[in-house]
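Student: Could you have a look at this structure, given as structure tokens, before my questions?
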Amino acid sequence: MKRRNFLKNGSLAAASVAFMPSSQLFAKSASGNAVKIGIIGVGLRGQNHLELLLTRKDVEVTAICDISDYMLQSAKQEVTKSGKKMPTIYTGDVNAWKRMLEKEKLDGIVIATPWEWHKPMIVGSLEAGVKYVGSEVCIGLSLQDHWDVVKTAERYNAQVMMLENVCYRRDVMAVLNMVRQGLFGELIHLQGGYQHDLREVKFNNGNNPANSPVEFGAKAFSEASWRTEHSVQRNGDLYPTHGVGPIANYININRGNRFVNLCSFSSKARGLHNHVVKKGGENHPNAKVNFRLGDVVTTNIQCANGETILLQHDTNLPRPYSLGFRVQGTEGLWMDVNKSIYIQDKSPNAHQWEPAKAWLDKYDHPLWARWSKETEGAGHGGMDFFVIHAFVESIKNGTATPLDVYDAATWSAITPLSEQSIALGNETVAFPDFTGGEWMYRKPVFALNDSY
Ligand SMILES: NC(=O)c1ccc[n+]([C@@H]2O[C@H](COP(=O)([O-])OP(=O)(O)OC[C@H]3O[C@@H](n4cnc5c(N)ncnc54)[C@H](O)[C@@H]3O)[C@@H](O)[C@H]2O)c1
């Protein structure tokens with residue numbers, strides 16, 4: 001299918017909006033009800049996905065690839081516990097996933113590896129003929145990586161869904177419901193980000209007393225073995241999608257609106273060095289490491305329809321977790337950090353916050369009302385259920401995924417653009433239009449289906 005038609009179909013589906021199935025792109029799953037899924041990367045995040053996939057009767061996890069014996073062992077235990085058939089395991093070297101793609105006939109693939117592997121694994125999967133690729137957050141490192149993913153998805157008429165679970169957070173979806181019903185009026189300004197003290201994640205010896213508690217790199221555990229290096233080499237908003245995904249849905253980015261330009265600022269970097277010194281001592285070799293990532297990176301984005309966005313990346317300092325959402329319109333605003341809301345003429349007292357809970361309960365999104373039982377036990381307060389559910393249902397129904405390759409590229413490209421802006425002395429940089437102008441015609445689809 002030509003790109004234009006492919007996009008048009010997406011718009012047509014959206015034109016029929018509320019509670020209609022999205023457009024049919026492919027025949028319903030050839031393997032009957034059980035879709036065949038492969039997973040690349042069964043570390044901590046991949047195991048969450050595996051666990052959810054194993055609970056589903058409509059999924060067969062037929063192949064798993066990882067290079068860590070430890071992580072594979074845990075994954076295999078999960079399979080055994082579930083009573084499901086053991087998938088074929090691919091391992092041994094960093095290219096084992098390529099053998100998996102050659103040998104397996106998969107309906108969909110889930111990628112939960114370190115960031116640097118996402119682009120080659122997405123592109124490799126598409127080239128191998130996989131029609132549905134679900135990738136963990138960020139889909140590439142450079143801007144070119146993002147273009148490569150978009151162009152390859154278009155070339156193969158395939159779906160790439162970034163598994164951005166925060167879009168499905170219960171309060172985030174209730175607020176989406178409120179936005180769509182006009183409670184906040186016309187949206188003007190939005191905030192969000194990733195504000196999470198990751199010092200114990202960036203330095204983690206996996207409880208191995210032979211290794212120092214401020215280890216990172218080859219001898220460290222899970223994300224400390226790869227993520228920390230990004231804080232050494234790079235300075236920008238390294239993790240924008242948890243904040244910007246929900247915001248993009250609120251203001252219909254790539255669907256009648258778009259990011260026009262971006263400007264980022266970085267604070268000085270102290271948090272990681274101070275942590276090393278505190279836990280490992282001044283003479284620890286990692287005390288000499290120069291961490292480039294500023295402790296607080298702030299990014300401003302201007303949108304075509306006039307809204308402004310403020311994103312923050314704040315992972316190196318002591319702080320309680322908060323994604324810092326603020327959704328503000330001509331009639332009022334919601335802020336998640338104080339769990340409060342204010343709606344003009346509706347909130348009881350002028351100029352005073354009221355607790356958001358009653359509003360969020362009242363406007364609970366229909367998808368949460370429908371699936372709340374199934375979300376029990378799923379990660380991150382249940383939202384992880386939805387992202388896997390949407391991916392699997394899209395495969396089963398042969399439809400476009402509700403978050404598509406243009407969403408993935410646009411949200412994730414904030415990282416290289418913010419790096420560029422900071423490197424240029426906080427210059428404003430133009431935001432590329434991955435949709436090639438189609439953003440003007442595409443219509444919202446996210447959470448407008450009665451099932452996923
Ligand atoms: N959406 C969320 O809430 C959420 C939460 C945590 C992590 N993540 C994302 O998930 C991804 C994985 O993070 P994680 O916490 O599981 O990290 P992790 O280090 O625990 O797991 C990564 C796994 O990938 C494996 N791997 C590395 N290179 C490989 C290769 N070439 N072939 C096969 N396997 C390979 C590693 O052995 C490891 O088991 C990252 O993108 C991270 O940002 C998302």
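By order in the structure tokens, chains are A, B, ...; within a chain, residues start at 1; ligands start at 1, following the order shown.
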Distance limit 6 Å, reference ligand 1, atoms considered: only C-alpha atoms and all ligand atoms. Which residues make the cut? Give them as a ChimeraX atom specification.
Tutor: /A:40-46,65-68,71,94-95,97,112-115,136-137,164-165,222-223
Student: How about saving the chosen residues, N, CA and C atoms kept, as a short mmCIF file (atom, residue, chain, number, x, y, z; two decimals), in the first residue's frame?
Tutor:
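What ended up in part_24.cif:
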```cif
data_model
loop_
_atom_site.label_atom_id
_atom_site.label_comp_id
_atom_site.auth_asym_id
_atom_site.auth_seq_id
_atom_site.Cartn_x
_atom_site.Cartn_y
_atom_site.Cartn_z
N ILE A 40 12.58 -9.88 22.39
CA ILE A 40 14.03 -9.67 22.44
C ILE A 40 14.32 -8.83 23.69
N GLY A 41 15.07 -9.40 24.59
CA GLY A 41 15.39 -8.72 25.85
C GLY A 41 14.40 -9.10 26.94
N VAL A 42 14.82 -10.03 27.79
CA VAL A 42 13.97 -10.40 28.93
C VAL A 42 14.68 -10.03 30.23
N GLY A 43 15.14 -8.78 30.26
CA GLY A 43 15.66 -8.22 31.51
C GLY A 43 14.47 -7.86 32.39
N LEU A 44 14.64 -6.88 33.27
CA LEU A 44 13.57 -6.57 34.21
C LEU A 44 12.28 -6.15 33.49
N ARG A 45 12.40 -5.33 32.47
CA ARG A 45 11.20 -4.88 31.77
C ARG A 45 10.61 -5.98 30.87
N GLY A 46 11.48 -6.66 30.16
CA GLY A 46 11.02 -7.74 29.28
C GLY A 46 10.28 -8.82 30.07
N CYS A 65 14.75 -14.07 23.14
CA CYS A 65 16.18 -13.88 22.92
C CYS A 65 16.75 -12.98 24.00
N ASP A 66 17.85 -13.38 24.58
CA ASP A 66 18.59 -12.53 25.51
C ASP A 66 20.02 -13.05 25.56
N ILE A 67 20.93 -12.20 26.02
CA ILE A 67 22.33 -12.63 26.08
C ILE A 67 22.77 -12.84 27.52
N SER A 68 21.85 -12.64 28.47
CA SER A 68 22.22 -12.81 29.87
C SER A 68 21.63 -14.13 30.39
N MET A 71 19.18 -13.43 33.35
CA MET A 71 17.84 -12.95 32.97
C MET A 71 17.05 -14.07 32.27
N VAL A 94 25.50 -11.14 20.76
CA VAL A 94 24.63 -9.96 20.60
C VAL A 94 23.81 -9.98 19.31
N ASN A 95 24.13 -10.91 18.40
CA ASN A 95 23.33 -11.00 17.17
C ASN A 95 22.40 -12.20 17.14
N TRP A 97 19.48 -12.38 18.08
CA TRP A 97 18.13 -11.97 17.65
C TRP A 97 17.95 -12.08 16.14
N ALA A 112 12.68 -5.20 24.35
CA ALA A 112 12.91 -4.57 25.67
C ALA A 112 14.39 -4.67 26.02
N THR A 113 15.20 -4.15 25.12
CA THR A 113 16.66 -4.20 25.28
C THR A 113 17.17 -2.78 25.62
N PRO A 114 18.47 -2.62 25.84
CA PRO A 114 19.02 -1.27 26.04
C PRO A 114 18.74 -0.37 24.83
N TRP A 115 18.66 0.93 25.07
CA TRP A 115 18.24 1.90 24.05
C TRP A 115 19.01 1.76 22.73
N GLU A 136 10.10 -0.98 23.47
CA GLU A 136 10.17 -0.18 24.69
C GLU A 136 10.60 1.24 24.34
N VAL A 137 10.46 2.11 25.34
CA VAL A 137 10.55 3.53 25.07
C VAL A 137 11.93 3.97 24.62
N GLU A 164 4.52 2.83 25.24
CA GLU A 164 4.53 3.95 26.20
C GLU A 164 3.35 3.78 27.17
N ASN A 165 3.65 3.12 28.27
CA ASN A 165 2.59 2.71 29.20
C ASN A 165 1.95 3.88 29.95
N SER A 222 21.50 -5.06 35.49
CA SER A 222 20.36 -4.47 34.78
C SER A 222 20.74 -3.10 34.18
N GLU A 223 19.94 -2.06 34.43
CA GLU A 223 20.15 -0.81 33.71
C GLU A 223 21.50 -0.16 34.02
#
```
Student: Per DSSP on the backbone, what are the helix (DSSP H, G or I) residues of region 101-220 of chain A, as a VMD selection string?
Tutor: chain A and resid 101 to 103 115 to 127 143 to 155 165 to 168 170 to 180 199 to 202
Student: Among region 186-261 of chain A, which ones does DSSP assign to strand (DSSP E or B) (computed from the backbone)? Answer as a PyMOL selection string.
Tutor: chain A and resi 187-195+253+257+259-261
Student: Using N, CA and C atoms, can you write the selected residues to a file as a compact mmCIF listing (two decimals), in the first residue's frame?
Tutor:
```
# COMPACT_ATOMS: atom_id res chain seq x y z
N LEU A 187 -6.99 23.93 25.46
CA LEU A 187 -5.71 23.73 26.16
C LEU A 187 -4.69 24.78 25.71
N ILE A 188 -3.92 25.24 26.70
CA ILE A 188 -2.97 26.34 26.47
C ILE A 188 -1.53 25.92 26.77
N HIS A 189 -1.35 25.23 27.91
CA HIS A 189 0.01 24.91 28.36
C HIS A 189 0.01 23.54 29.04
N LEU A 190 1.07 22.77 28.79
CA LEU A 190 1.15 21.43 29.38
C LEU A 190 2.55 21.19 29.91
N GLN A 191 2.60 20.44 30.98
CA GLN A 191 3.90 20.09 31.55
C GLN A 191 3.94 18.59 31.87
N GLY A 192 5.13 18.08 31.89
CA GLY A 192 5.32 16.68 32.26
C GLY A 192 6.80 16.41 32.26
N GLY A 193 7.17 15.17 32.50
CA GLY A 193 8.59 14.87 32.47
C GLY A 193 8.90 13.54 33.10
N TYR A 194 10.15 13.36 33.36
CA TYR A 194 10.60 12.15 34.04
C TYR A 194 11.41 12.62 35.23
N GLN A 195 10.78 12.58 36.40
CA GLN A 195 11.40 13.09 37.61
C GLN A 195 11.47 11.94 38.59
N ILE A 253 -1.19 15.64 18.91
CA ILE A 253 0.04 15.79 18.11
C ILE A 253 0.05 14.74 16.99
N ASN A 257 -2.26 18.67 14.90
CA ASN A 257 -1.34 19.55 15.61
C ASN A 257 0.05 18.95 15.47
N PHE A 259 4.50 19.36 16.92
CA PHE A 259 5.57 20.10 17.56
C PHE A 259 6.30 20.88 16.48
N VAL A 260 6.49 22.19 16.73
CA VAL A 260 7.11 23.02 15.70
C VAL A 260 8.60 23.24 15.99
N ASN A 261 8.90 23.63 17.22
CA ASN A 261 10.31 23.74 17.58
C ASN A 261 10.54 23.52 19.07
```
Student: Counting only C-alpha atoms, what is within 9 Å of Val392 (chain A), bar same-chain residues fewer than 3 positions away, as a PyMOL selection string?
Tutor: chain A and resi 35+37+53+58-59+108+387-389+395-397
Student: Which one is closest to Gly134 (chain A): A:Met121, A:Met162, A:Val289, A:Ala63? Count only C-alpha atoms.
Tutor: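 Closest to Gly134 (chain A) of all the choices is A:Met162.
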Student: Just checking: using only C-alpha atoms, which residue out of A:Thr62, A:Thr401, A:Ser451, A:Ser142 ends up closest to Tyr90 (chain A)?
Tutor: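 The shortest atom-to-atom distance to Tyr90 (chain A) comes from A:Thr62.
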Student: Given only C-alpha atoms as the basis, pick out the residue of A:Phe446, A:Trp371, A:Trp353, A:Lys57 nearest to Asn177 (chain A).
Tutor: A:Phe446
Student: Any idea what's packed within 10 Å of Cys167 (chain A), counting only C-alpha atoms, ignoring anything in its chain fewer than 6 positions away? Could you give it as a PyMOL selection string?
Tutor: chain A and resi 173+176+241-250+383-384+386-387+403+446-447
Student: Please produce an output containing C-alpha atoms for each residue in the selection, written as a PDB file, in the first residue's frame.
Tutor:
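To be explicit, this is the file written out as again-v9.pdb:
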```
ATOM      1  CA  MET A 173      -6.665   8.682  30.949  1.00  0.00           C
ATOM      2  CA  LEU A 176      -7.834  12.697  28.644  1.00  0.00           C
ATOM      3  CA  THR A 241       8.265   9.790  26.404  1.00  0.00           C
ATOM      4  CA  HIS A 242       6.582   9.102  29.776  1.00  0.00           C
ATOM      5  CA  GLY A 243       5.904  12.812  30.050  1.00  0.00           C
ATOM      6  CA  VAL A 244       5.287  13.752  26.450  1.00  0.00           C
ATOM      7  CA  GLY A 245       3.203  10.724  25.391  1.00  0.00           C
ATOM      8  CA  PRO A 246       0.144  11.662  27.467  1.00  0.00           C
ATOM      9  CA  ILE A 247       0.606  15.344  26.574  1.00  0.00           C
ATOM     10  CA  ALA A 248       0.718  14.523  22.866  1.00  0.00           C
ATOM     11  CA  ASN A 249      -2.575  12.656  23.213  1.00  0.00           C
ATOM     12  CA  TYR A 250      -4.153  15.614  25.011  1.00  0.00           C
ATOM     13  CA  MET A 383      -1.254   0.522  33.177  1.00  0.00           C
ATOM     14  CA  ASP A 384       1.182  -2.061  31.801  1.00  0.00           C
ATOM     15  CA  PHE A 386      -3.157  -1.827  28.507  1.00  0.00           C
ATOM     16  CA  VAL A 387      -0.060  -1.314  26.460  1.00  0.00           C
ATOM     17  CA  LEU A 403       0.136   4.592  19.098  1.00  0.00           C
ATOM     18  CA  PHE A 446      -5.891   6.823  20.897  1.00  0.00           C
ATOM     19  CA  ALA A 447      -8.345   5.201  23.334  1.00  0.00           C
TER      20      ALA A 447
END
```
Student: Given only C-alpha atoms as the basis, pick out the residue of A:Leu417, A:Cys303, A:Ile64, A:Arg199 nearest to Pro318 (chain A).
Tutor: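 Result for the nearest residue to Pro318 (chain A): A:Arg199.
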